[in-house]
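Shown below: target08.cif, with mmCIF, C-alpha atoms and all ligand atoms.
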data_structure
#
loop_
_atom_site.group_PDB
_atom_site.id
_atom_site.type_symbol
_atom_site.label_atom_id
_atom_site.label_comp_id
_atom_site.auth_asym_id
_atom_site.auth_seq_id
_atom_site.Cartn_x
_atom_site.Cartn_y
_atom_site.Cartn_z
ATOM 1 C CA MET L 224 -163.277 -57.472 -148.858
ATOM 2 C CA GLU L 225 -162.414 -59.213 -145.616
ATOM 3 C CA ARG L 226 -164.114 -61.606 -143.186
ATOM 4 C CA THR L 227 -163.889 -61.791 -139.412
ATOM 5 C CA LEU L 228 -165.431 -63.886 -136.657
ATOM 6 C CA SER L 229 -167.666 -62.192 -134.113
ATOM 7 C CA ILE L 230 -169.148 -63.809 -131.016
ATOM 8 C CA ILE L 231 -171.873 -62.293 -128.869
ATOM 9 C CA LYS L 232 -170.881 -63.736 -125.499
ATOM 10 C CA PRO L 233 -173.360 -65.180 -122.928
ATOM 11 C CA ASP L 234 -173.834 -61.818 -121.148
ATOM 12 C CA GLY L 235 -174.892 -60.184 -124.429
ATOM 13 C CA VAL L 236 -177.259 -62.995 -125.389
ATOM 14 C CA SER L 237 -178.870 -63.277 -121.930
ATOM 15 C CA ARG L 238 -179.536 -59.521 -121.806
ATOM 16 C CA ASN L 239 -181.291 -59.564 -125.211
ATOM 17 C CA LEU L 240 -178.608 -57.475 -126.891
ATOM 18 C CA ILE L 241 -178.279 -59.558 -130.081
ATOM 19 C CA GLY L 242 -180.278 -57.144 -132.241
ATOM 20 C CA ASP L 243 -178.590 -54.035 -130.895
ATOM 21 C CA ILE L 244 -175.120 -55.461 -131.480
ATOM 22 C CA VAL L 245 -175.862 -56.819 -134.978
ATOM 23 C CA SER L 246 -177.416 -53.469 -135.861
ATOM 24 C CA ARG L 247 -174.155 -51.708 -134.982
ATOM 25 C CA PHE L 248 -172.264 -54.026 -137.336
ATOM 26 C CA GLU L 249 -174.751 -53.482 -140.161
ATOM 27 C CA LYS L 250 -174.832 -49.706 -139.709
ATOM 28 C CA ALA L 251 -171.027 -49.702 -139.921
ATOM 29 C CA GLY L 252 -171.222 -51.417 -143.319
ATOM 30 C CA LEU L 253 -170.484 -54.986 -142.222
ATOM 31 C CA ARG L 254 -172.636 -57.792 -143.599
ATOM 32 C CA VAL L 255 -173.612 -60.952 -141.711
ATOM 33 C CA ALA L 256 -172.320 -63.759 -143.965
ATOM 34 C CA ALA L 257 -173.053 -66.559 -141.464
ATOM 35 C CA MET L 258 -174.774 -66.716 -138.086
ATOM 36 C CA LYS L 259 -175.858 -69.246 -135.462
ATOM 37 C CA LYS L 260 -176.800 -69.467 -131.797
ATOM 38 C CA ILE L 261 -174.977 -72.268 -130.009
ATOM 39 C CA GLN L 262 -174.083 -73.575 -126.562
ATOM 40 C CA LEU L 263 -170.317 -73.988 -126.210
ATOM 41 C CA THR L 264 -168.954 -76.892 -124.153
ATOM 42 C CA GLU L 265 -165.852 -76.954 -121.975
ATOM 43 C CA LYS L 266 -164.063 -78.677 -124.880
ATOM 44 C CA THR L 267 -165.159 -76.282 -127.653
ATOM 45 C CA ALA L 268 -164.594 -73.146 -125.546
ATOM 46 C CA GLY L 269 -161.205 -74.466 -124.360
ATOM 47 C CA ASP L 270 -160.123 -75.299 -127.904
ATOM 48 C CA PHE L 271 -161.339 -71.953 -129.257
ATOM 49 C CA TYR L 272 -159.352 -70.043 -126.615
ATOM 50 C CA GLY L 273 -156.497 -72.603 -126.671
ATOM 51 C CA VAL L 274 -153.894 -69.847 -127.120
ATOM 52 C CA HIS L 275 -154.784 -68.641 -123.588
ATOM 53 C CA ARG L 276 -154.610 -72.124 -121.977
ATOM 54 C CA GLU L 277 -151.642 -71.258 -119.744
ATOM 55 C CA ARG L 278 -152.967 -67.828 -118.697
ATOM 56 C CA PRO L 279 -154.287 -67.345 -115.146
ATOM 57 C CA PHE L 280 -157.712 -66.240 -116.426
ATOM 58 C CA PHE L 281 -158.232 -69.292 -118.708
ATOM 59 C CA LYS L 282 -160.512 -71.243 -116.310
ATOM 60 C CA ASP L 283 -162.723 -68.200 -115.649
ATOM 61 C CA LEU L 284 -162.845 -67.421 -119.368
ATOM 62 C CA VAL L 285 -164.012 -70.942 -120.271
ATOM 63 C CA SER L 286 -166.593 -71.116 -117.458
ATOM 64 C CA PHE L 287 -167.986 -67.754 -118.500
ATOM 65 C CA MET L 288 -168.156 -68.728 -122.173
ATOM 66 C CA ILE L 289 -170.150 -71.890 -121.353
ATOM 67 C CA SER L 290 -172.469 -70.162 -118.870
ATOM 68 C CA GLY L 291 -175.149 -69.710 -121.557
ATOM 69 C CA PRO L 292 -175.643 -69.690 -125.332
ATOM 70 C CA VAL L 293 -173.561 -67.489 -127.626
ATOM 71 C CA VAL L 294 -174.179 -66.143 -131.130
ATOM 72 C CA VAL L 295 -171.342 -66.710 -133.596
ATOM 73 C CA MET L 296 -171.143 -64.745 -136.835
ATOM 74 C CA ALA L 297 -168.901 -64.328 -139.828
ATOM 75 C CA LEU L 298 -168.910 -60.619 -140.680
ATOM 76 C CA GLU L 299 -167.871 -59.449 -144.107
ATOM 77 C CA GLY L 300 -166.856 -56.077 -145.518
ATOM 78 C CA ASP L 301 -164.018 -53.673 -146.242
ATOM 79 C CA ASN L 302 -161.496 -53.788 -143.448
ATOM 80 C CA ALA L 303 -163.869 -56.037 -141.448
ATOM 81 C CA ILE L 304 -161.298 -57.182 -138.866
ATOM 82 C CA ALA L 305 -160.194 -53.703 -137.765
ATOM 83 C CA LYS L 306 -163.690 -52.251 -138.130
ATOM 84 C CA ASN L 307 -165.118 -54.920 -135.828
ATOM 85 C CA ARG L 308 -162.321 -54.382 -133.261
ATOM 86 C CA GLU L 309 -163.070 -50.652 -133.301
ATOM 87 C CA LEU L 310 -166.803 -51.206 -132.823
ATOM 88 C CA MET L 311 -166.037 -53.634 -129.937
ATOM 89 C CA GLY L 312 -163.693 -51.366 -127.953
ATOM 90 C CA ALA L 313 -160.798 -52.452 -125.711
ATOM 91 C CA THR L 314 -160.806 -55.855 -123.953
ATOM 92 C CA ASN L 315 -161.182 -54.189 -120.542
ATOM 93 C CA PRO L 316 -164.459 -52.236 -120.649
ATOM 94 C CA LYS L 317 -162.938 -49.604 -118.331
ATOM 95 C CA GLU L 318 -160.523 -48.778 -121.163
ATOM 96 C CA ALA L 319 -163.029 -49.094 -124.024
ATOM 97 C CA ALA L 320 -163.688 -45.981 -126.133
ATOM 98 C CA PRO L 321 -167.002 -44.194 -125.454
ATOM 99 C CA GLY L 322 -169.745 -45.428 -127.769
ATOM 100 C CA SER L 323 -168.075 -48.821 -128.337
ATOM 101 C CA ILE L 324 -169.999 -52.040 -127.626
ATOM 102 C CA ARG L 325 -167.882 -52.881 -124.591
ATOM 103 C CA ALA L 326 -168.079 -49.336 -123.178
ATOM 104 C CA ASP L 327 -171.863 -49.377 -123.538
ATOM 105 C CA PHE L 328 -172.636 -52.952 -122.445
ATOM 106 C CA ALA L 329 -169.726 -54.865 -120.881
ATOM 107 C CA GLU L 330 -169.819 -55.487 -117.148
ATOM 108 C CA SER L 331 -166.264 -56.766 -116.593
ATOM 109 C CA ILE L 332 -163.178 -58.022 -118.435
ATOM 110 C CA ASP L 333 -164.707 -61.530 -118.354
ATOM 111 C CA ALA L 334 -168.268 -60.530 -119.218
ATOM 112 C CA ASN L 335 -167.137 -58.252 -122.024
ATOM 113 C CA THR L 336 -170.055 -58.984 -124.376
ATOM 114 C CA VAL L 337 -168.245 -59.635 -127.664
ATOM 115 C CA HIS L 338 -165.308 -61.415 -129.247
ATOM 116 C CA GLY L 339 -163.677 -60.407 -132.523
ATOM 117 C CA SER L 340 -160.760 -61.926 -134.442
ATOM 118 C CA ASP L 341 -157.525 -59.956 -134.097
ATOM 119 C CA GLY L 342 -155.905 -60.597 -137.498
ATOM 120 C CA PRO L 343 -156.337 -62.246 -140.908
ATOM 121 C CA ASP L 344 -154.869 -65.623 -139.865
ATOM 122 C CA THR L 345 -156.941 -65.920 -136.690
ATOM 123 C CA ALA L 346 -160.046 -64.694 -138.553
ATOM 124 C CA ALA L 347 -159.737 -67.518 -141.111
ATOM 125 C CA GLU L 348 -159.060 -70.102 -138.381
ATOM 126 C CA GLU L 349 -161.876 -68.892 -136.144
ATOM 127 C CA ILE L 350 -164.460 -68.782 -138.948
ATOM 128 C CA ALA L 351 -163.486 -72.344 -139.955
ATOM 129 C CA PHE L 352 -163.785 -73.397 -136.292
ATOM 130 C CA PHE L 353 -167.529 -72.633 -136.338
ATOM 131 C CA PHE L 354 -168.694 -72.686 -139.973
ATOM 132 C CA ARG L 355 -168.401 -75.032 -142.929
ATOM 133 C CA PRO L 356 -167.712 -73.215 -146.225
ATOM 134 C CA ASP L 357 -171.286 -73.897 -147.426
ATOM 135 C CA GLU L 358 -172.693 -72.123 -144.338
ATOM 136 C CA ILE L 359 -171.048 -68.821 -145.299
ATOM 137 C CA LEU L 360 -173.198 -66.952 -147.797
HETATM 138 P P1 LIG X 1 -160.012 -59.823 -126.990
HETATM 139 O O1 LIG X 1 -159.430 -60.195 -128.334
HETATM 140 O O2 LIG X 1 -160.176 -58.326 -126.806
HETATM 141 O O3 LIG X 1 -161.275 -60.575 -126.661
HETATM 142 O O4 LIG X 1 -158.922 -60.243 -125.888
HETATM 143 P P2 LIG X 1 -157.969 -61.533 -125.788
HETATM 144 O O5 LIG X 1 -158.052 -62.402 -127.005
HETATM 145 O O6 LIG X 1 -156.630 -61.071 -125.346
HETATM 146 O O7 LIG X 1 -158.594 -62.366 -124.562
HETATM 147 C C1 LIG X 1 -159.707 -63.186 -124.729
HETATM 148 C C2 LIG X 1 -160.678 -62.925 -123.593
HETATM 149 O O8 LIG X 1 -160.070 -63.346 -122.377
HETATM 150 C C3 LIG X 1 -161.033 -61.447 -123.380
HETATM 151 O O9 LIG X 1 -162.091 -61.008 -124.173
HETATM 152 C C4 LIG X 1 -161.382 -61.422 -121.907
HETATM 153 O O10 LIG X 1 -162.741 -61.820 -121.699
HETATM 154 C C5 LIG X 1 -160.445 -62.466 -121.325
HETATM 155 N N1 LIG X 1 -159.230 -61.813 -120.784
HETATM 156 C C6 LIG X 1 -158.186 -61.309 -121.470
HETATM 157 N N2 LIG X 1 -157.262 -60.789 -120.638
HETATM 158 C C7 LIG X 1 -157.747 -60.977 -119.390
HETATM 159 C C8 LIG X 1 -157.252 -60.667 -118.080
HETATM 160 O O11 LIG X 1 -156.159 -60.112 -117.902
HETATM 161 N N3 LIG X 1 -158.051 -61.029 -117.021
HETATM 162 C C9 LIG X 1 -159.254 -61.657 -117.198
HETATM 163 N N4 LIG X 1 -159.981 -61.973 -116.107
HETATM 164 N N5 LIG X 1 -159.751 -61.955 -118.416
HETATM 165 C C10 LIG X 1 -159.001 -61.626 -119.493
#
If you took the structure in this file and wrote it as structure tokens, what would it be?
Amino acid sequence: MERTLSIIKPDGVSRNLIGDIVSRFEKAGLRVAAMKKIQLTEKTAGDFYGVHRERPFFKDLVSFMISGPVVVMALEGDNAIAKNRELMGATNPKEAAPGSIRADFAESIDANTVHGSDGPDTAAEEIAFFFRPDEIL
């Protein structure tokens, strides 16, 4: 049993794709252990993506992530981290596998619809960034 953080980014929320995306997770055997809709600020988005602070795309990434509400979730299940990454598809939607969330919905590398933790350490950190232990059920 493993947990991972998923975010439905502003382009997914604004296009009413929450249900479709969550349904893909559930059909793949992942369980929603925690979930909330929130508006990120420049500070929270910048801190969340702090590892990318020096990258040329950092400013665009933060402005996109605060352009509207997001849905953050802790997903739980066998192999949840890798399973979520597979369901998401590659970062650049042009390279995402057919049938993946990004191949089906993402409009660009910035507006790429979903975020998912990339390993056990980041998953634990990212879940703790958004959820208190008593919010994960
Ligand atoms: P992810 O784990 O697949 O989301 O990818 P990363 O953690 O490497 O990057 C975080 C987010 O930054 C991605 O989802 C993209 O939205 C954005 N990003 C990553 N690389 C690039 C890039 O080369 N150019 C631009 N414009 N955005 C990028």
query = If you count all atoms listed in the file, which residues fall within 12 Å of Asn239 of chain L, apart from same-chain ones fewer than 4 positions away, as an MDAnalysis selection string?
reply = chainID L and resid 231:235 243:245 292:294 328 336
Using only C-alpha atoms, find each residue in segment 276-326 of chain L having at least one atom no more than 8 Å away from segment 343-353 of chain L; report its shortest atom-to-atom pair and that distance in Å (one decimal), rows by chain then rising number, as a tab-separated table.
residue	atom	partner	partner_atom	distance
L:Val295	CA	L:Phe353	CA	7.6
L:Ala297	CA	L:Ile350	CA	6.4
L:Ile304	CA	L:Pro343	CA	7.4
Convert the output of the PyMOL selection byres (((not hetatm)) within 7 of (chain X and resi 1)) on the shown file into explicit residues, formatted as a PDB file with C-alpha atoms, keeping the file's coordinate frame.
ATOM      1  CA  PHE L 280    -157.712 -66.240-116.426  1.00  0.00           C
ATOM      2  CA  ASP L 283    -162.723 -68.200-115.649  1.00  0.00           C
ATOM      3  CA  LEU L 284    -162.845 -67.421-119.368  1.00  0.00           C
ATOM      4  CA  ALA L 313    -160.798 -52.452-125.711  1.00  0.00           C
ATOM      5  CA  THR L 314    -160.806 -55.855-123.953  1.00  0.00           C
ATOM      6  CA  ILE L 332    -163.178 -58.022-118.435  1.00  0.00           C
ATOM      7  CA  ASP L 333    -164.707 -61.530-118.354  1.00  0.00           C
ATOM      8  CA  ALA L 334    -168.268 -60.530-119.218  1.00  0.00           C
ATOM      9  CA  ASN L 335    -167.137 -58.252-122.024  1.00  0.00           C
ATOM     10  CA  HIS L 338    -165.308 -61.415-129.247  1.00  0.00           C
ATOM     11  CA  GLY L 339    -163.677 -60.407-132.523  1.00  0.00           C
ATOM     12  CA  SER L 340    -160.760 -61.926-134.442  1.00  0.00           C
ATOM     13  CA  ASP L 341    -157.525 -59.956-134.097  1.00  0.00           C
TER      14      ASP L 341
END
request  = Carefully work through the PyMOL selection byres (((chain L and resi 317) around 12) and not hetatm) for this structure and note down the residues it includes, as a list in words.
outcome  =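 Selected by the PyMOL selection byres (((chain L and resi 317) around 12) and not hetatm) here: Gly312, Ala313, Thr314, Asn315, Pro316, Glu318, Ala319, Ala320, Pro321, Ser323, Ile324, Arg325, Ala326, Asp327, Phe328, Ala329, Glu330, Ser331, Ile332 and Asn335 of chain L.
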ask   = If the PyMOL selection byres (((chain L and resi 270-274) around 10) and not hetatm) is run on the structure shown, which residues does it catch, given as a ChimeraX atom specification?
value = /L:263-269,275-278,281,284-285,288,348-349,352-353
Given the selection you just returned, output its residues as a file containing C-alpha atoms, formatted as an mmCIF file, in the coordinates of the input.
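Output below, filename part.cif:
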data_model
loop_
_atom_site.group_PDB
_atom_site.id
_atom_site.type_symbol
_atom_site.label_atom_id
_atom_site.label_comp_id
_atom_site.auth_asym_id
_atom_site.auth_seq_id
_atom_site.Cartn_x
_atom_site.Cartn_y
_atom_site.Cartn_z
ATOM 1 C CA LEU L 263 -170.317 -73.988 -126.210
ATOM 2 C CA THR L 264 -168.954 -76.892 -124.153
ATOM 3 C CA GLU L 265 -165.852 -76.954 -121.975
ATOM 4 C CA LYS L 266 -164.063 -78.677 -124.880
ATOM 5 C CA THR L 267 -165.159 -76.282 -127.653
ATOM 6 C CA ALA L 268 -164.594 -73.146 -125.546
ATOM 7 C CA GLY L 269 -161.205 -74.466 -124.360
ATOM 8 C CA HIS L 275 -154.784 -68.641 -123.588
ATOM 9 C CA ARG L 276 -154.610 -72.124 -121.977
ATOM 10 C CA GLU L 277 -151.642 -71.258 -119.744
ATOM 11 C CA ARG L 278 -152.967 -67.828 -118.697
ATOM 12 C CA PHE L 281 -158.232 -69.292 -118.708
ATOM 13 C CA LEU L 284 -162.845 -67.421 -119.368
ATOM 14 C CA VAL L 285 -164.012 -70.942 -120.271
ATOM 15 C CA MET L 288 -168.156 -68.728 -122.173
ATOM 16 C CA GLU L 348 -159.060 -70.102 -138.381
ATOM 17 C CA GLU L 349 -161.876 -68.892 -136.144
ATOM 18 C CA PHE L 352 -163.785 -73.397 -136.292
ATOM 19 C CA PHE L 353 -167.529 -72.633 -136.338
#
ask   = Do you have the atom CA of Glu225 of chain L-atom CA of Ile359 of chain L distance handy?
value =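 For atom CA of Glu225 of chain L relative to atom CA of Ile359 of chain L, the distance reads 12.9 Å.
In terms of minimum interatomic distance to Ile230 of chain L, L:Ala257 ranks closest within L:Ala305, L:Gly342, L:Ala257, L:Pro356, counting only C-alpha atoms.
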inquiry  = Rounded to one decimal, what separation in Å do you get between atom CA of Ile241 of chain L and atom CA of Arg355 of chain L?
reply    = 22.4 Å
Nearest candidate to Ala251 of chain L (options L:Val337, L:Met311, L:Ile289, L:Met296; using all atoms listed in the file) =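 Of L:Val337, L:Met311, L:Ile289, L:Met296, the one nearest Ala251 of chain L, counting all atoms listed in the file, is L:Met311.
Among the candidates L:Leu240, L:Val255, L:Leu298, L:Ile261, the residue lying nearest to Arg226 of chain L is L:Leu298 (atoms considered: only C-alpha atoms).
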message = Quick check, in Å to one decimal: how far apart do atom CA of Ala303 of chain L and atom CA of Ala256 of chain L lie?
response =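 Straight-line distance from atom CA of Ala303 of chain L to atom CA of Ala256 of chain L works out to 11.7 Å.
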Would you fill the gaps in segment 296-307 of chain L so it has all heavy atoms, then print it as a PDB file, in the frame of the given file?
ATOM      1  N   MET L 296    -170.877 -65.345-135.519  1.00  0.00           N
ATOM      2  CA  MET L 296    -171.143 -64.745-136.835  1.00  0.00           C
ATOM      3  C   MET L 296    -169.856 -64.605-137.631  1.00  0.00           C
ATOM      4  O   MET L 296    -168.818 -64.284-137.054  1.00  0.00           O
ATOM      5  CB  MET L 296    -171.644 -63.301-136.658  1.00  0.00           C
ATOM      6  CG  MET L 296    -173.061 -63.135-136.281  1.00  0.00           C
ATOM      7  SD  MET L 296    -173.338 -61.390-135.841  1.00  0.00           S
ATOM      8  CE  MET L 296    -172.759 -61.378-134.159  1.00  0.00           C
ATOM      9  N   ALA L 297    -169.966 -64.779-138.946  1.00  0.00           N
ATOM     10  CA  ALA L 297    -168.901 -64.328-139.828  1.00  0.00           C
ATOM     11  C   ALA L 297    -169.370 -62.999-140.405  1.00  0.00           C
ATOM     12  O   ALA L 297    -170.451 -62.917-141.001  1.00  0.00           O
ATOM     13  CB  ALA L 297    -168.645 -65.335-140.944  1.00  0.00           C
ATOM     14  N   LEU L 298    -168.597 -61.946-140.147  1.00  0.00           N
ATOM     15  CA  LEU L 298    -168.910 -60.619-140.680  1.00  0.00           C
ATOM     16  C   LEU L 298    -168.023 -60.361-141.877  1.00  0.00           C
ATOM     17  O   LEU L 298    -166.845 -60.751-141.892  1.00  0.00           O
ATOM     18  CB  LEU L 298    -168.659 -59.545-139.619  1.00  0.00           C
ATOM     19  CG  LEU L 298    -169.467 -59.640-138.327  1.00  0.00           C
ATOM     20  CD1 LEU L 298    -168.996 -58.571-137.338  1.00  0.00           C
ATOM     21  CD2 LEU L 298    -170.958 -59.496-138.604  1.00  0.00           C
ATOM     22  N   GLU L 299    -168.588 -59.658-142.852  1.00  0.00           N
ATOM     23  CA  GLU L 299    -167.871 -59.449-144.107  1.00  0.00           C
ATOM     24  C   GLU L 299    -167.938 -57.978-144.505  1.00  0.00           C
ATOM     25  O   GLU L 299    -168.981 -57.349-144.320  1.00  0.00           O
ATOM     26  CB  GLU L 299    -168.587 -60.309-145.154  1.00  0.00           C
ATOM     27  CG  GLU L 299    -167.972 -60.367-146.506  1.00  0.00           C
ATOM     28  CD  GLU L 299    -168.751 -61.345-147.380  1.00  0.00           C
ATOM     29  OE1 GLU L 299    -168.404 -62.541-147.372  1.00  0.00           O
ATOM     30  OE2 GLU L 299    -169.714 -60.927-148.031  1.00  0.00           O
ATOM     31  N   GLY L 300    -166.849 -57.457-145.035  1.00  0.00           N
ATOM     32  CA  GLY L 300    -166.856 -56.077-145.518  1.00  0.00           C
ATOM     33  C   GLY L 300    -165.442 -55.551-145.663  1.00  0.00           C
ATOM     34  O   GLY L 300    -164.474 -56.244-145.340  1.00  0.00           O
ATOM     35  N   ASP L 301    -165.336 -54.310-146.133  1.00  0.00           N
ATOM     36  CA  ASP L 301    -164.018 -53.673-146.242  1.00  0.00           C
ATOM     37  C   ASP L 301    -163.425 -53.550-144.851  1.00  0.00           C
ATOM     38  O   ASP L 301    -164.092 -53.034-143.937  1.00  0.00           O
ATOM     39  CB  ASP L 301    -164.172 -52.245-146.815  1.00  0.00           C
ATOM     40  CG  ASP L 301    -164.478 -52.287-148.293  1.00  0.00           C
ATOM     41  OD1 ASP L 301    -164.164 -53.298-148.930  1.00  0.00           O
ATOM     42  OD2 ASP L 301    -165.053 -51.296-148.796  1.00  0.00           O
ATOM     43  N   ASN L 302    -162.188 -54.012-144.713  1.00  0.00           N
ATOM     44  CA  ASN L 302    -161.496 -53.788-143.448  1.00  0.00           C
ATOM     45  C   ASN L 302    -162.265 -54.359-142.249  1.00  0.00           C
ATOM     46  O   ASN L 302    -162.271 -53.773-141.158  1.00  0.00           O
ATOM     47  CB  ASN L 302    -161.336 -52.270-143.275  1.00  0.00           C
ATOM     48  CG  ASN L 302    -160.033 -51.910-142.623  1.00  0.00           C
ATOM     49  OD1 ASN L 302    -159.157 -52.772-142.472  1.00  0.00           O
ATOM     50  ND2 ASN L 302    -159.899 -50.669-142.221  1.00  0.00           N
ATOM     51  N   ALA L 303    -162.932 -55.505-142.459  1.00  0.00           N
ATOM     52  CA  ALA L 303    -163.869 -56.037-141.448  1.00  0.00           C
ATOM     53  C   ALA L 303    -163.201 -56.316-140.101  1.00  0.00           C
ATOM     54  O   ALA L 303    -163.803 -56.088-139.053  1.00  0.00           O
ATOM     55  CB  ALA L 303    -164.520 -57.312-141.980  1.00  0.00           C
ATOM     56  N   ILE L 304    -161.953 -56.787-140.125  1.00  0.00           N
ATOM     57  CA  ILE L 304    -161.298 -57.182-138.866  1.00  0.00           C
ATOM     58  C   ILE L 304    -161.089 -55.956-137.975  1.00  0.00           C
ATOM     59  O   ILE L 304    -161.504 -55.928-136.814  1.00  0.00           O
ATOM     60  CB  ILE L 304    -159.961 -57.904-139.152  1.00  0.00           C
ATOM     61  CG1 ILE L 304    -160.237 -59.212-139.920  1.00  0.00           C
ATOM     62  CG2 ILE L 304    -159.199 -58.177-137.861  1.00  0.00           C
ATOM     63  CD1 ILE L 304    -158.989 -59.872-140.502  1.00  0.00           C
ATOM     64  N   ALA L 305    -160.465 -54.915-138.539  1.00  0.00           N
ATOM     65  CA  ALA L 305    -160.194 -53.703-137.765  1.00  0.00           C
ATOM     66  C   ALA L 305    -161.488 -52.964-137.420  1.00  0.00           C
ATOM     67  O   ALA L 305    -161.642 -52.425-136.320  1.00  0.00           O
ATOM     68  CB  ALA L 305    -159.259 -52.787-138.536  1.00  0.00           C
ATOM     69  N   LYS L 306    -162.420 -52.950-138.371  1.00  0.00           N
ATOM     70  CA  LYS L 306    -163.690 -52.251-138.130  1.00  0.00           C
ATOM     71  C   LYS L 306    -164.431 -52.893-136.951  1.00  0.00           C
ATOM     72  O   LYS L 306    -164.932 -52.204-136.058  1.00  0.00           O
ATOM     73  CB  LYS L 306    -164.551 -52.319-139.395  1.00  0.00           C
ATOM     74  CG  LYS L 306    -165.582 -51.223-139.495  1.00  0.00           C
ATOM     75  CD  LYS L 306    -166.358 -51.301-140.787  1.00  0.00           C
ATOM     76  CE  LYS L 306    -165.824 -50.377-141.862  1.00  0.00           C
ATOM     77  NZ  LYS L 306    -166.601 -50.436-143.106  1.00  0.00           N
ATOM     78  N   ASN L 307    -164.454 -54.225-136.934  1.00  0.00           N
ATOM     79  CA  ASN L 307    -165.118 -54.920-135.828  1.00  0.00           C
ATOM     80  C   ASN L 307    -164.413 -54.635-134.507  1.00  0.00           C
ATOM     81  O   ASN L 307    -165.063 -54.373-133.486  1.00  0.00           O
ATOM     82  CB  ASN L 307    -165.152 -56.434-136.109  1.00  0.00           C
ATOM     83  CG  ASN L 307    -165.848 -57.213-135.013  1.00  0.00           C
ATOM     84  OD1 ASN L 307    -166.838 -56.752-134.444  1.00  0.00           O
ATOM     85  ND2 ASN L 307    -165.336 -58.393-134.705  1.00  0.00           N
TER      86      ASN L 307
END
